[in-house]
Amino acid sequence: MSYTWDYIQKNPKQTKRLLGINHEQLSQLIKQAKLLHRQHQEKNQNQKVRLIKPGGGASQKLSLS
């Protein structure tokens, strides 16, 4: 995790000062981004022709948590 994310989690009232949006808006934005990402991944999986078994290949660089 990044320092900024840890700081926001510990001090949610500072979110407006740091990002320009309040903590509730940030939470909604993250929730919406996760939903859109999941939908995009499902769409890609349905159209994709697999050469490597699921779970194979390079690991992800970013986590969704």
# chains A, B, ... in the order shown; residues from 1 in each chain; ligands from 1
call {"tool": "residues_around", "arguments": {"residues": "Leu18 (chain A)", "least_positions_apart": "5", "cutoff": "12 Å", "atoms": "only C-alpha atoms", "output": "PyMOL selection string"}}
result
chain A and resi 4-5+7-8+11-13+23+26
call {"tool": "write_last_selection", "arguments": {"atoms": "N, CA, C and O atoms", "output": "short mmCIF file (atom, residue, chain, number, x, y, z; two decimals), in the first residue's frame"}}
result
data_model
loop_
_atom_site.label_atom_id
_atom_site.label_comp_id
_atom_site.auth_asym_id
_atom_site.auth_seq_id
_atom_site.Cartn_x
_atom_site.Cartn_y
_atom_site.Cartn_z
N THR A 4 0.07 7.47 1.01
CA THR A 4 -1.12 8.31 0.93
C THR A 4 -2.37 7.53 1.26
O THR A 4 -3.23 8.00 2.00
N TRP A 5 -2.49 6.31 0.73
CA TRP A 5 -3.67 5.49 1.00
C TRP A 5 -3.75 5.14 2.48
O TRP A 5 -4.82 5.21 3.07
N TYR A 7 -2.54 6.88 4.94
CA TYR A 7 -2.87 8.11 5.64
C TYR A 7 -4.36 8.42 5.53
O TYR A 7 -5.00 8.80 6.51
N ILE A 8 -4.93 8.24 4.34
CA ILE A 8 -6.37 8.48 4.14
C ILE A 8 -7.20 7.52 4.97
O ILE A 8 -8.22 7.91 5.53
N ASN A 11 -6.96 8.81 8.51
CA ASN A 11 -7.49 10.18 8.67
C ASN A 11 -8.47 10.50 7.55
O ASN A 11 -8.16 11.29 6.66
N PRO A 12 -9.68 9.92 7.58
CA PRO A 12 -10.62 10.14 6.47
C PRO A 12 -11.05 11.59 6.29
O PRO A 12 -11.44 11.99 5.20
N LYS A 13 -10.95 12.41 7.34
CA LYS A 13 -11.35 13.82 7.21
C LYS A 13 -10.36 14.61 6.36
O LYS A 13 -10.69 15.69 5.88
N HIS A 23 -14.45 11.69 1.65
CA HIS A 23 -14.16 10.27 1.82
C HIS A 23 -15.28 9.39 1.24
O HIS A 23 -15.00 8.34 0.66
N LEU A 26 -14.87 9.23 -2.48
CA LEU A 26 -13.73 8.38 -2.81
C LEU A 26 -14.13 6.90 -2.71
O LEU A 26 -13.79 6.10 -3.59
#
call {"tool": "closest_residue", "arguments": {"among": "A:Asp6, A:Leu64, A:Lys16, A:Leu51", "to": "Leu35 (chain A)", "atoms": "only C-alpha atoms"}}
result
A:Leu64
call {"tool": "select_by_dssp", "arguments": {"residues": "chain A", "states": "helix (DSSP H, G or I)", "output": "ChimeraX atom specification"}}
result
/A:3-10,12-19,23-47
call {"tool": "atom_distance", "arguments": {"atom1": "CA of Gln9 (chain A)", "atom2": "CA of Leu36 (chain A)"}}
result
22.8 Å
